[in-house]
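model_35.txt, holding compact mmCIF, C-alpha atoms:
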```txt
# COMPACT_ATOMS: atom_id res chain seq x y z
CA MET A 1 21.12 17.39 -13.95
CA LEU A 2 20.77 14.30 -16.12
CA PRO A 3 19.99 14.87 -19.80
CA ILE A 4 16.36 13.84 -20.29
CA GLU A 5 17.42 11.80 -23.37
CA ASN A 6 19.32 9.47 -21.00
CA ILE A 7 16.15 8.79 -19.04
CA VAL A 8 14.16 8.25 -22.23
CA ASN A 9 16.81 5.76 -23.38
CA SER A 10 16.65 3.95 -20.02
CA ILE A 11 12.93 3.49 -20.56
CA LYS A 12 13.56 2.09 -24.07
CA GLU A 13 16.03 -0.39 -22.62
CA PHE A 14 13.72 -1.41 -19.83
CA PRO A 15 12.34 -4.98 -20.01
CA THR A 16 9.15 -5.56 -21.92
CA LEU A 17 6.20 -7.12 -20.17
CA PRO A 18 6.33 -10.92 -19.85
CA THR A 19 5.02 -12.90 -22.83
CA ILE A 20 2.14 -14.33 -20.79
CA PHE A 21 0.71 -10.81 -20.43
CA THR A 22 1.12 -9.89 -24.10
CA ALA A 23 -0.43 -13.24 -25.11
CA LEU A 24 -3.33 -12.43 -22.81
CA GLN A 25 -3.75 -8.94 -24.23
CA LYS A 26 -3.80 -10.40 -27.75
CA ALA A 27 -6.32 -13.08 -26.84
CA MET A 28 -8.61 -10.56 -25.19
CA SER A 29 -8.54 -8.19 -28.13
CA ASN A 30 -10.15 -10.96 -30.20
CA PRO A 31 -13.96 -10.68 -29.85
CA ASP A 32 -14.34 -14.44 -30.41
CA THR A 33 -12.07 -15.41 -27.53
CA ASN A 34 -13.52 -17.63 -24.79
CA ILE A 35 -12.86 -18.33 -21.11
CA ASP A 36 -11.23 -21.73 -21.71
CA TYR A 37 -8.71 -20.26 -24.12
CA VAL A 38 -7.79 -17.36 -21.82
CA ALA A 39 -7.56 -19.74 -18.84
CA SER A 40 -5.27 -22.06 -20.82
CA ILE A 41 -2.84 -19.16 -21.47
CA ILE A 42 -2.65 -18.31 -17.76
CA GLU A 43 -2.37 -21.95 -16.70
CA LYS A 44 0.89 -22.26 -18.63
CA ASP A 45 2.47 -20.13 -15.89
CA GLN A 46 1.98 -22.04 -12.64
CA SER A 47 3.33 -19.30 -10.38
CA SER A 48 0.74 -16.88 -11.79
CA VAL A 49 -2.03 -19.43 -11.19
CA THR A 50 -1.20 -19.78 -7.50
CA LYS A 51 -0.91 -16.03 -6.94
CA LEU A 52 -4.03 -15.19 -8.92
CA LEU A 53 -6.11 -17.70 -6.97
CA LYS A 54 -4.79 -16.45 -3.65
CA LEU A 55 -5.56 -12.85 -4.61
CA SER A 56 -9.00 -13.70 -6.03
CA ASN A 57 -9.88 -15.30 -2.69
CA SER A 58 -8.63 -12.35 -0.63
CA SER A 59 -10.95 -9.84 1.00
CA ILE A 60 -10.35 -7.39 -1.86
CA PHE A 61 -13.08 -9.16 -3.77
CA GLY A 62 -15.03 -10.56 -0.84
CA PHE A 63 -16.53 -13.61 -2.58
CA ARG A 64 -18.24 -15.99 -0.17
CA SER A 65 -17.47 -19.18 -2.05
CA ARG A 66 -13.90 -20.19 -2.70
CA ILE A 67 -12.43 -19.67 -6.18
CA THR A 68 -10.48 -22.80 -7.04
CA SER A 69 -9.65 -22.47 -10.76
CA ILE A 70 -8.61 -19.80 -13.23
CA HIS A 71 -11.76 -20.57 -15.22
CA GLN A 72 -13.84 -19.73 -12.13
CA ALA A 73 -11.74 -16.60 -11.40
CA ILE A 74 -12.47 -15.28 -14.91
CA LEU A 75 -16.18 -16.05 -14.49
CA TYR A 76 -16.39 -14.23 -11.16
CA LEU A 77 -14.01 -11.35 -11.81
CA GLY A 78 -14.24 -10.89 -15.57
CA PHE A 79 -11.56 -10.84 -18.28
CA GLU A 80 -10.37 -7.29 -17.63
CA GLU A 81 -9.98 -7.77 -13.91
CA VAL A 82 -8.01 -11.00 -14.24
CA LYS A 83 -5.79 -9.35 -16.84
CA ASN A 84 -5.17 -6.36 -14.56
CA LEU A 85 -4.39 -8.58 -11.56
CA LEU A 86 -1.96 -10.60 -13.62
CA LEU A 87 -0.37 -7.37 -14.82
CA THR A 88 0.12 -6.21 -11.23
CA LEU A 89 1.66 -9.52 -10.16
CA LYS A 90 3.99 -9.62 -13.17
CA ILE A 91 5.21 -6.04 -12.65
CA ILE A 92 5.94 -6.79 -8.99
CA GLU A 93 7.83 -9.89 -10.14
CA ILE A 94 9.95 -7.88 -12.63
CA PHE A 95 11.03 -5.44 -9.96
CA ARG A 96 11.60 -8.01 -7.25
CA THR A 97 14.17 -9.75 -9.40
CA LYS A 98 16.15 -6.51 -9.39
CA ASP A 99 16.50 -6.39 -5.60
CA GLU A 100 20.16 -5.41 -5.86
CA ALA A 101 19.36 -2.11 -7.51
CA LEU A 102 16.82 -1.18 -4.87
CA LYS A 103 19.19 -0.75 -1.95
CA LEU A 104 17.84 2.67 -1.05
CA ILE A 105 14.31 1.54 -0.47
CA THR A 106 13.71 -2.17 0.01
CA PRO A 107 11.37 -3.74 -2.59
CA GLN A 108 9.30 -5.12 0.29
CA ASP A 109 8.76 -1.62 1.72
CA PHE A 110 8.17 -0.14 -1.72
CA TRP A 111 5.48 -2.68 -2.65
CA ARG A 112 3.91 -2.48 0.81
CA HIS A 113 3.39 1.26 0.23
CA SER A 114 2.00 0.51 -3.24
CA ILE A 115 -0.39 -2.18 -1.98
CA ALA A 116 -1.55 0.11 0.84
CA THR A 117 -2.26 2.85 -1.72
CA GLY A 118 -4.28 0.31 -3.74
CA ILE A 119 -6.27 -0.86 -0.71
CA ILE A 120 -7.02 2.69 0.53
CA SER A 121 -7.98 3.77 -3.01
CA ARG A 122 -10.46 0.93 -3.19
CA PHE A 123 -11.90 1.80 0.23
CA ILE A 124 -12.42 5.42 -0.81
CA GLY A 125 -13.97 4.33 -4.11
CA MET A 126 -16.48 2.06 -2.36
CA ASN A 127 -17.21 4.72 0.22
CA ILE A 128 -18.17 7.35 -2.35
CA GLY A 129 -20.28 4.82 -4.24
CA MET A 130 -18.12 4.03 -7.28
CA ARG A 131 -19.54 0.95 -8.94
CA SER A 132 -16.29 -0.50 -10.18
CA SER A 133 -13.56 0.01 -7.64
CA GLU A 134 -11.18 -2.80 -8.72
CA ILE A 135 -9.31 -0.63 -11.25
CA LEU A 136 -8.58 1.63 -8.27
CA PHE A 137 -6.67 -1.12 -6.51
CA ILE A 138 -4.45 -1.73 -9.51
CA SER A 139 -3.97 1.99 -10.25
CA GLY A 140 -2.99 2.53 -6.63
CA VAL A 141 -0.51 -0.34 -6.67
CA LEU A 142 1.15 0.93 -9.86
CA HIS A 143 1.05 4.70 -9.20
CA ASN A 144 4.78 4.88 -8.38
CA LEU A 145 6.16 2.94 -11.38
CA GLY A 146 8.26 5.90 -12.50
CA ARG A 147 10.00 6.12 -9.13
CA LEU A 148 10.96 2.46 -9.39
CA LEU A 149 12.48 3.04 -12.79
CA LEU A 150 14.51 6.01 -11.51
CA LEU A 151 15.65 4.05 -8.44
CA ILE A 152 16.81 1.12 -10.53
CA SER A 153 18.36 3.03 -13.41
CA TYR A 154 19.94 5.89 -11.44
CA PRO A 155 20.58 4.79 -7.84
CA ASP A 156 23.37 7.35 -7.25
CA GLU A 157 21.32 10.26 -8.51
CA TYR A 158 18.38 9.04 -6.48
CA VAL A 159 20.47 9.21 -3.30
CA GLU A 160 20.94 12.87 -4.19
CA ALA A 161 17.17 13.34 -4.59
CA LEU A 162 16.51 11.66 -1.22
CA LYS A 163 19.14 13.90 0.37
CA LYS A 164 17.51 17.04 -1.02
CA HIS A 165 14.10 15.80 0.13
CA ARG A 166 15.38 15.34 3.69
CA GLU A 167 17.63 18.38 3.97
CA GLU A 168 15.34 20.88 2.26
CA ARG A 169 12.10 19.36 3.61
CA ILE A 170 10.52 19.44 0.16
CA PRO A 171 8.23 16.80 -1.37
CA LEU A 172 10.26 13.94 -2.88
CA ILE A 173 8.73 14.60 -6.30
CA ASP A 174 10.14 18.16 -6.20
CA ALA A 175 13.56 16.80 -5.22
CA GLU A 176 13.34 14.39 -8.18
CA ARG A 177 12.67 17.36 -10.48
CA LYS A 178 15.72 19.17 -9.11
CA VAL A 179 18.00 16.18 -9.72
CA PHE A 180 16.53 14.59 -12.84
CA GLY A 181 14.81 17.61 -14.42
CA ILE A 182 11.74 15.39 -14.62
CA SER A 183 9.49 13.75 -12.03
CA ASN A 184 8.61 10.11 -11.44
CA ALA A 185 5.12 10.89 -12.73
CA VAL A 186 6.35 11.75 -16.23
CA VAL A 187 8.83 8.85 -16.28
CA GLY A 188 6.09 6.48 -15.10
CA GLU A 189 3.78 7.64 -17.85
CA MET A 190 6.48 6.94 -20.47
CA LEU A 191 6.91 3.42 -19.10
CA ALA A 192 3.13 2.95 -19.02
CA LEU A 193 2.98 3.94 -22.70
CA LYS A 194 5.84 1.57 -23.58
CA TRP A 195 3.99 -1.24 -21.81
CA LYS A 196 0.65 -0.18 -23.31
CA LEU A 197 -1.01 -0.13 -19.90
CA PRO A 198 -4.73 0.81 -19.82
CA ILE A 199 -5.30 4.56 -20.08
CA GLN A 200 -7.00 4.71 -16.63
CA ILE A 201 -3.75 3.48 -15.07
CA SER A 202 -1.42 5.76 -17.02
CA ASP A 203 -3.65 8.76 -16.18
CA VAL A 204 -3.18 7.95 -12.49
CA ILE A 205 0.57 7.42 -12.82
CA LYS A 206 1.01 10.79 -14.52
CA ASN A 207 -1.31 12.86 -12.34
CA TYR A 208 -1.61 11.22 -8.90
CA PHE A 209 0.57 13.86 -7.26
CA PHE A 210 -1.73 16.75 -8.25
CA GLY A 211 -5.06 14.94 -7.91
CA PHE A 212 -6.42 16.36 -11.18
CA ILE A 213 -5.67 15.98 -14.88
CA GLY A 214 -4.84 19.62 -15.65
CA ASP A 215 -7.99 21.31 -14.40
CA LYS A 216 -10.21 18.31 -15.18
CA VAL A 217 -11.72 16.16 -12.44
CA ASN A 218 -10.84 12.48 -12.67
CA LEU A 219 -12.09 10.38 -9.78
CA ASN A 220 -9.41 7.68 -10.05
CA VAL A 221 -6.64 10.30 -10.02
CA ALA A 222 -8.24 12.19 -7.10
CA ILE A 223 -8.66 9.01 -5.06
CA VAL A 224 -5.10 7.73 -5.59
CA HIS A 225 -3.82 11.24 -4.70
CA ILE A 226 -5.44 10.94 -1.24
CA ALA A 227 -4.58 7.23 -0.85
CA ASP A 228 -0.87 7.83 -1.55
CA ILE A 229 -0.69 10.60 1.09
CA THR A 230 -2.63 8.44 3.56
CA ALA A 231 -0.44 5.35 3.05
CA SER A 232 2.66 7.53 3.60
CA LEU A 233 1.26 9.12 6.78
CA PHE A 234 0.17 5.72 8.13
CA GLU A 235 3.68 4.41 7.33
CA PHE A 236 2.30 1.38 5.54
CA GLY A 237 5.56 0.51 3.75
CA SER A 238 7.64 3.32 2.27
CA ALA A 239 8.32 4.69 -1.19
CA GLY A 240 11.06 6.95 0.16
CA SER A 241 9.14 9.98 1.41
CA ILE A 242 9.92 11.09 4.94
CA TYR A 243 7.97 14.34 4.60
CA ILE A 244 4.45 14.22 3.29
CA HIS A 245 2.92 16.89 1.05
CA LYS A 246 -0.47 18.53 1.56
CA PRO A 247 -3.54 17.04 -0.12
CA ASN A 248 -4.94 19.23 -2.90
CA PRO A 249 -7.88 20.97 -1.09
CA ASP A 250 -10.08 20.77 -4.20
CA VAL A 251 -9.81 16.97 -4.14
CA TRP A 252 -11.73 16.84 -0.85
CA THR A 253 -14.54 18.79 -2.51
CA THR A 254 -14.49 16.40 -5.48
CA LEU A 255 -14.66 13.29 -3.32
CA SER A 256 -17.11 14.45 -0.59
CA MET A 257 -15.84 11.85 1.84
CA PRO A 258 -17.29 11.75 5.38
CA ASN A 259 -15.24 13.74 7.89
CA ASN A 260 -14.54 10.65 10.00
CA PHE A 261 -13.58 8.44 7.03
CA PHE A 262 -10.09 7.57 8.27
CA SER A 263 -10.86 6.95 11.95
CA SER A 264 -13.92 4.85 11.15
CA ASN A 265 -12.22 2.68 8.50
CA ILE A 266 -8.71 2.31 9.89
CA ASP A 267 -9.20 -1.15 11.43
CA ARG A 268 -10.60 -2.64 8.22
CA ILE A 269 -7.99 -0.89 6.07
CA LYS A 270 -5.21 -2.23 8.29
CA ASP A 271 -6.58 -5.79 8.24
CA GLU A 272 -6.93 -5.76 4.43
CA TYR A 273 -3.50 -4.22 4.02
CA GLU A 274 -1.84 -6.94 6.07
CA GLU A 275 -3.79 -9.73 4.40
CA ASN A 276 -2.97 -8.52 0.89
CA CYS A 277 0.69 -7.84 1.55
CA SER A 278 0.93 -11.43 2.68
CA ALA A 279 -1.05 -12.73 -0.34
CA ILE A 280 0.95 -10.75 -2.89
CA LEU A 281 4.45 -10.51 -1.46
CA ASN A 282 4.94 -13.74 0.48
CA LEU A 283 4.47 -16.20 -2.33
CA MET B 284 -10.83 -6.38 15.52
CA ASN B 285 -8.02 -5.85 18.03
CA LYS B 286 -7.90 -3.77 21.21
CA THR B 287 -4.72 -2.76 23.03
CA ILE B 288 -4.78 -3.47 26.77
CA PRO B 289 -2.19 -3.32 29.58
CA VAL B 290 -0.75 -6.74 30.45
CA GLU B 291 -2.14 -6.52 33.98
CA SER B 292 -5.67 -6.44 32.50
CA ILE B 293 -5.30 -9.86 30.80
CA GLU B 294 -8.09 -12.22 31.77
CA ASP B 295 -8.18 -15.98 31.23
CA GLY B 296 -9.73 -16.83 27.86
CA MET B 297 -8.81 -13.59 26.05
CA VAL B 298 -7.37 -14.22 22.57
CA LEU B 299 -4.08 -12.60 21.52
CA GLY B 300 -4.72 -10.34 18.50
CA ASN B 301 -1.13 -9.69 17.38
CA SER B 302 1.84 -12.00 17.91
CA VAL B 303 4.31 -10.94 20.58
CA LEU B 304 7.70 -10.69 18.87
CA ASN B 305 11.27 -10.21 20.00
CA GLN B 306 13.63 -7.69 18.39
CA PHE B 307 14.53 -10.18 15.66
CA SER B 308 10.84 -10.49 14.75
CA GLN B 309 10.76 -14.03 16.09
CA VAL B 310 7.36 -15.01 17.42
CA LEU B 311 7.33 -15.51 21.19
CA ILE B 312 3.58 -15.96 21.55
CA PRO B 313 1.59 -16.35 18.31
CA ALA B 314 -1.57 -14.38 17.49
CA GLY B 315 -4.65 -16.45 18.27
CA THR B 316 -3.25 -17.90 21.52
CA VAL B 317 -5.90 -18.20 24.23
CA LEU B 318 -4.36 -16.32 27.14
CA THR B 319 -4.13 -17.59 30.70
CA SER B 320 -2.50 -16.38 33.91
CA PHE B 321 0.63 -18.23 32.71
CA HIS B 322 0.92 -15.83 29.74
CA LYS B 323 0.13 -12.85 31.97
CA ASN B 324 3.02 -13.78 34.28
CA ILE B 325 5.51 -14.49 31.52
CA LEU B 326 4.66 -11.26 29.65
CA ALA B 327 5.15 -9.31 32.87
CA ARG B 328 8.50 -11.07 33.38
CA TRP B 329 9.52 -10.02 29.82
CA ASP B 330 8.58 -6.42 30.74
CA VAL B 331 5.89 -6.26 28.10
CA SER B 332 3.48 -3.46 29.04
CA PHE B 333 0.73 -3.74 26.41
CA ILE B 334 -0.67 -6.42 24.13
CA GLN B 335 -3.43 -6.57 21.57
CA VAL B 336 -6.39 -8.88 22.15
CA LYS B 337 -9.25 -9.75 19.85
CA VAL B 338 -12.60 -8.10 20.54
CA GLU B 339 -15.94 -8.57 18.84
CA ASN B 340 -18.37 -5.77 17.96
CA GLU B 341 -16.77 -3.33 20.31
CA SER B 342 -15.47 0.07 19.43
CA VAL B 343 -11.74 -0.13 19.82
CA GLU B 344 -10.73 2.32 22.47
CA THR B 345 -7.08 1.96 23.30
CA THR B 346 -5.41 3.22 26.40
CA ILE B 347 -2.40 5.09 25.09
CA PRO B 348 -0.07 6.50 27.74
CA GLU B 349 0.18 10.28 27.49
CA GLU B 350 3.94 10.22 27.01
CA ILE B 351 3.66 7.92 23.99
CA LEU B 352 0.81 9.98 22.56
CA LEU B 353 2.94 13.11 22.79
CA GLN B 354 5.88 11.36 21.14
CA ALA B 355 3.61 10.12 18.31
CA THR B 356 2.02 13.58 17.88
CA ASN B 357 5.41 15.30 17.55
CA TYR B 358 6.59 12.65 15.10
CA VAL B 359 3.57 12.96 12.80
CA ILE B 360 3.49 16.76 12.92
CA ASP B 361 7.16 16.89 11.97
CA LYS B 362 6.52 14.52 9.06
CA MET B 363 3.68 16.62 7.64
CA LEU B 364 4.65 19.57 5.47
CA TRP B 365 1.24 21.11 6.23
CA THR B 366 -1.33 21.71 8.95
CA PRO B 367 -4.91 20.42 8.79
CA GLU B 368 -7.39 22.98 7.48
CA ASN B 369 -10.62 21.03 7.64
CA ASP B 370 -12.28 18.22 9.61
CA ILE B 371 -11.22 15.37 7.33
CA GLU B 372 -7.58 16.49 7.34
CA GLU B 373 -7.80 16.64 11.13
CA ASP B 374 -9.22 13.09 11.15
CA LEU B 375 -6.39 11.91 8.88
CA MET B 376 -3.77 13.45 11.18
CA ARG B 377 -5.33 12.05 14.37
CA THR B 378 -5.62 8.57 12.88
CA SER B 379 -1.96 8.71 11.81
CA ILE B 380 -0.98 9.74 15.37
CA LYS B 381 -2.97 6.86 16.85
CA LEU B 382 -1.33 4.35 14.48
CA LYS B 383 2.11 5.71 15.31
CA ALA B 384 1.40 5.53 19.05
CA LEU B 385 0.29 1.89 18.73
CA SER B 386 3.41 1.02 16.75
CA LEU B 387 5.57 2.69 19.44
CA ILE B 388 3.82 0.60 22.09
CA LEU B 389 4.37 -2.62 20.12
CA LYS B 390 7.99 -1.67 19.40
CA GLY B 391 8.46 -1.09 23.14
CA ASN B 392 7.28 -4.65 23.67
CA GLU B 393 9.91 -5.97 21.21
CA TYR B 394 12.70 -4.23 23.10
CA ALA B 395 11.34 -5.30 26.44
CA THR B 396 11.42 -9.00 25.52
CA ASN B 397 15.18 -8.93 24.91
```

Once more with this new file: its structure as structure tokens, please.
Amino acid sequence: MLPIENIVNSIKEFPTLPTIFTALQKAMSNPDTNIDYVASIIEKDQSSVTKLLKLSNSSIFGFRSRITSIHQAILYLGFEEVKNLLLTLKIIEIFRTKDEALKLITPQDFWRHSIATGIISRFIGMNIGMRSSEILFISGVLHNLGRLLLLISYPDEYVEALKKHREERIPLIDAERKVFGISNAVVGEMLALKWKLPIQISDVIKNYFFGFIGDKVNLNVAIVHIADITASLFEFGSAGSIYIHKPNPDVWTTLSMPNNFFSSNIDRIKDEYEENCSAILNL
Amino acid sequence: MNKTIPVESIEDGMVLGNSVLNQFSQVLIPAGTVLTSFHKNILARWDVSFIQVKVENESVETTIPEEILLQATNYVIDKMLWTPENDIEEDLMRTSIKLKALSLILKGNEYATN
């Protein structure tokens, strides 16, 4: 088993978030900031502009009129939402540049699973009447950050974890614990803290596997728990799991979803999944 | 919304919902093509059994051959480390089986065209 200090050190050495994101965070923490200033920060990074506009116009947000500028995107979506979208795009960018290290699971497959989890989370959120479901998309997309870090930093050990998962037919997170002495959820939370991600996202990263925070109900965590299992069963991308664990039965009670939720929404979920994979990954 | 139909049921004017691909994922007939008897003949010649066509406001009922359904059911059940214990878990499992069956049908098409 790897000494946990090694993993902690890997997290310390991991890249920081791009300067555009930290500049944005700083600008938004100033109560006197305005849309033009925030837009000017984003517009310095042309690749982010193109991706943000494409994503803002996707069916995730469902605006009837077309968003053609960052200024307009901030007006329609709000500061926080634009910041979170940019965060998602930048994190995907960081990990796509490290393709070499992700031989075990292709980055395309990994992010497809993540995007599917985001889309399904948002569908569940809307279905149970949550007013703000956008944070669910981002939390779903980033729920597996810790697994990415383990895959990149310890590819040989991760092969071992995948082997245990397949041979012993145990959930991949349990195989990770056997090999690393720690799960992707804990590693992901450490990375989320290093990157100062919003607390709603780090709560999901740490607890998505169980569906609860300790014994406390947290809707975002419960929803991403179900969405992750669903995306794996539907084989929308792959984050490495061949065998899929059981949903926490108490989560169904918490969410009170209709019994035919999956069969009645599958066509829309599939369409949105394909549209967003293309918007986010094919740029 | 797309509906899966056997190639022999193609009628002039139907619109292809998903591109027909070969095993290298090259597009042979792109999604959105308005189908004619020409396409019906060429798909039959490529040994494609099923395609997806666009439908409007219709519940999507797909004809899945029993053999493929059985294959998909075994695959999904083997993948799950649990058995459904309530209606929503049952719905999740059945939807996963249907998706797997459709992907097996489409994969069959890819092999057939080569």

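Those residues of chain A that fall within 9 Å of chain B when using only C-alpha atoms read Arg169, Ile170, Pro171, Thr230, Leu233, Phe234, Glu235, Ile242, Tyr243, Ile244, His245, Lys246, Pro247, Pro249, Trp252, Met257, Pro258, Asn259, Asn260, Phe261, Phe262, Ser263, Ile266, Asp267, Arg268 and Asp271 of chain A.
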
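The spacing separating CA of Ala116 in chain A from CA of Val338 in chain B amounts to 24.0 Å.
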
Show me, as lines of an AutoDock Vina configuration file, the centre and edge lengths in Å to one decimal of the axis-aligned box that covers every listed atom of range 110-117 of chain A with 4 Å on each side.
```
center_x = 3.0
center_y = 0.1
center_z = -1.2
size_x = 18.4
size_y = 13.5
size_z = 12.1
```

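Compared by their closest atoms to Ser241 in chain A, and using all atoms listed in the file, the residues A:Phe21, A:Tyr273, A:Phe110, A:Phe137 rank with A:Phe110 nearest.
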
Seminar exercise, completed: Computed gap from CA of Gly237 in chain A to CA of Ser114 in chain A is 7.8 Å

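Each of B:Ser386, B:Ser292, B:Thr287, B:Asn357 was checked against Ala327 in chain B using only C-alpha atoms; the smallest atom-to-atom distance is that of B:Ser292.
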
Exercise. Which residues come within 10 Å of Met190 in chain A, counting all atoms listed in the file, excluding same-chain residues fewer than 2 positions away, as a list in words?
Worked result: Ile7, Val8, Ile11, Lys12, Leu145, Gly146, Asn184, Ala185, Val186, Val187, Gly188, Ala192, Leu193, Lys194, Trp195, Lys196, Ser202, Ile205 and Lys206 of chain A

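The space between CA of Leu352 in chain B and CA of Ser332 in chain B spans 15.2 Å.
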
Exercise. Gln46 in chain A: which residues within 12 Å, counting all atoms listed in the file, same-chain residues fewer than 6 positions away excluded, as a count of residues only?
Worked result: 7

Problem set entry | Distance query Gly118 in chain A at most 7 Å, all atoms listed in the file, self and fewer than 3 positions along chain excluded, as a ChimeraX atom specification | /A:114-115,121-122,136-141

Any chance you could model N, CA and C atoms for range 202-225 of chain A and send them as an mmCIF file, in the coordinates of the input?
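Contents of result_29.cif, as written:
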```
data_model
loop_
_atom_site.group_PDB
_atom_site.id
_atom_site.type_symbol
_atom_site.label_atom_id
_atom_site.label_comp_id
_atom_site.auth_asym_id
_atom_site.auth_seq_id
_atom_site.Cartn_x
_atom_site.Cartn_y
_atom_site.Cartn_z
ATOM 1 N N SER A 202 -2.457 4.767 -16.692
ATOM 2 C CA SER A 202 -1.420 5.760 -17.020
ATOM 3 C C SER A 202 -1.854 7.168 -16.613
ATOM 4 N N ASP A 203 -3.163 7.451 -16.665
ATOM 5 C CA ASP A 203 -3.650 8.760 -16.180
ATOM 6 C C ASP A 203 -3.306 8.952 -14.705
ATOM 7 N N VAL A 204 -3.487 7.875 -13.929
ATOM 8 C CA VAL A 204 -3.180 7.950 -12.490
ATOM 9 C C VAL A 204 -1.691 8.145 -12.284
ATOM 10 N N ILE A 205 -0.884 7.335 -12.990
ATOM 11 C CA ILE A 205 0.570 7.420 -12.820
ATOM 12 C C ILE A 205 1.066 8.843 -13.102
ATOM 13 N N LYS A 206 0.522 9.459 -14.135
ATOM 14 C CA LYS A 206 1.010 10.790 -14.520
ATOM 15 C C LYS A 206 0.514 11.903 -13.585
ATOM 16 N N ASN A 207 -0.680 11.721 -13.033
ATOM 17 C CA ASN A 207 -1.310 12.860 -12.340
ATOM 18 C C ASN A 207 -1.592 12.668 -10.862
ATOM 19 N N TYR A 208 -1.204 11.509 -10.289
ATOM 20 C CA TYR A 208 -1.610 11.220 -8.900
ATOM 21 C C TYR A 208 -1.121 12.292 -7.925
ATOM 22 N N PHE A 209 0.017 12.899 -8.211
ATOM 23 C CA PHE A 209 0.570 13.860 -7.260
ATOM 24 C C PHE A 209 -0.312 15.110 -7.138
ATOM 25 N N PHE A 210 -0.921 15.520 -8.265
ATOM 26 C CA PHE A 210 -1.730 16.750 -8.250
ATOM 27 C C PHE A 210 -3.190 16.473 -7.896
ATOM 28 N N GLY A 211 -3.669 15.278 -8.222
ATOM 29 C CA GLY A 211 -5.060 14.940 -7.910
ATOM 30 C C GLY A 211 -6.036 15.315 -9.003
ATOM 31 N N PHE A 212 -5.569 15.980 -10.044
ATOM 32 C CA PHE A 212 -6.420 16.360 -11.180
ATOM 33 C C PHE A 212 -5.643 16.127 -12.469
ATOM 34 N N ILE A 213 -6.366 16.003 -13.590
ATOM 35 C CA ILE A 213 -5.670 15.980 -14.880
ATOM 36 C C ILE A 213 -5.796 17.384 -15.452
ATOM 37 N N GLY A 214 -4.742 18.192 -15.304
ATOM 38 C CA GLY A 214 -4.840 19.620 -15.650
ATOM 39 C C GLY A 214 -5.867 20.228 -14.703
ATOM 40 N N ASP A 215 -6.945 20.808 -15.286
ATOM 41 C CA ASP A 215 -7.990 21.310 -14.400
ATOM 42 C C ASP A 215 -9.224 20.408 -14.446
ATOM 43 N N LYS A 216 -9.044 19.219 -15.057
ATOM 44 C CA LYS A 216 -10.210 18.310 -15.180
ATOM 45 C C LYS A 216 -10.285 17.368 -13.990
ATOM 46 N N VAL A 217 -11.513 17.123 -13.530
ATOM 47 C CA VAL A 217 -11.720 16.160 -12.440
ATOM 48 C C VAL A 217 -11.631 14.752 -13.003
ATOM 49 N N ASN A 218 -10.876 13.901 -12.328
ATOM 50 C CA ASN A 218 -10.840 12.480 -12.670
ATOM 51 C C ASN A 218 -10.849 11.732 -11.344
ATOM 52 N N LEU A 219 -11.922 10.987 -11.105
ATOM 53 C CA LEU A 219 -12.090 10.380 -9.780
ATOM 54 C C LEU A 219 -10.945 9.453 -9.402
ATOM 55 N N ASN A 220 -10.508 8.609 -10.365
ATOM 56 C CA ASN A 220 -9.410 7.680 -10.050
ATOM 57 C C ASN A 220 -8.163 8.439 -9.598
ATOM 58 N N VAL A 221 -7.837 9.505 -10.330
ATOM 59 C CA VAL A 221 -6.640 10.300 -10.020
ATOM 60 C C VAL A 221 -6.797 10.958 -8.639
ATOM 61 N N ALA A 222 -7.990 11.513 -8.387
ATOM 62 C CA ALA A 222 -8.240 12.190 -7.100
ATOM 63 C C ALA A 222 -8.113 11.197 -5.946
ATOM 64 N N ILE A 223 -8.658 10.009 -6.138
ATOM 65 C CA ILE A 223 -8.660 9.010 -5.060
ATOM 66 C C ILE A 223 -7.233 8.534 -4.770
ATOM 67 N N VAL A 224 -6.470 8.230 -5.829
ATOM 68 C CA VAL A 224 -5.100 7.730 -5.590
ATOM 69 C C VAL A 224 -4.236 8.840 -4.974
ATOM 70 N N HIS A 225 -4.521 10.089 -5.308
ATOM 71 C CA HIS A 225 -3.820 11.240 -4.700
ATOM 72 C C HIS A 225 -3.959 11.171 -3.167
#
```
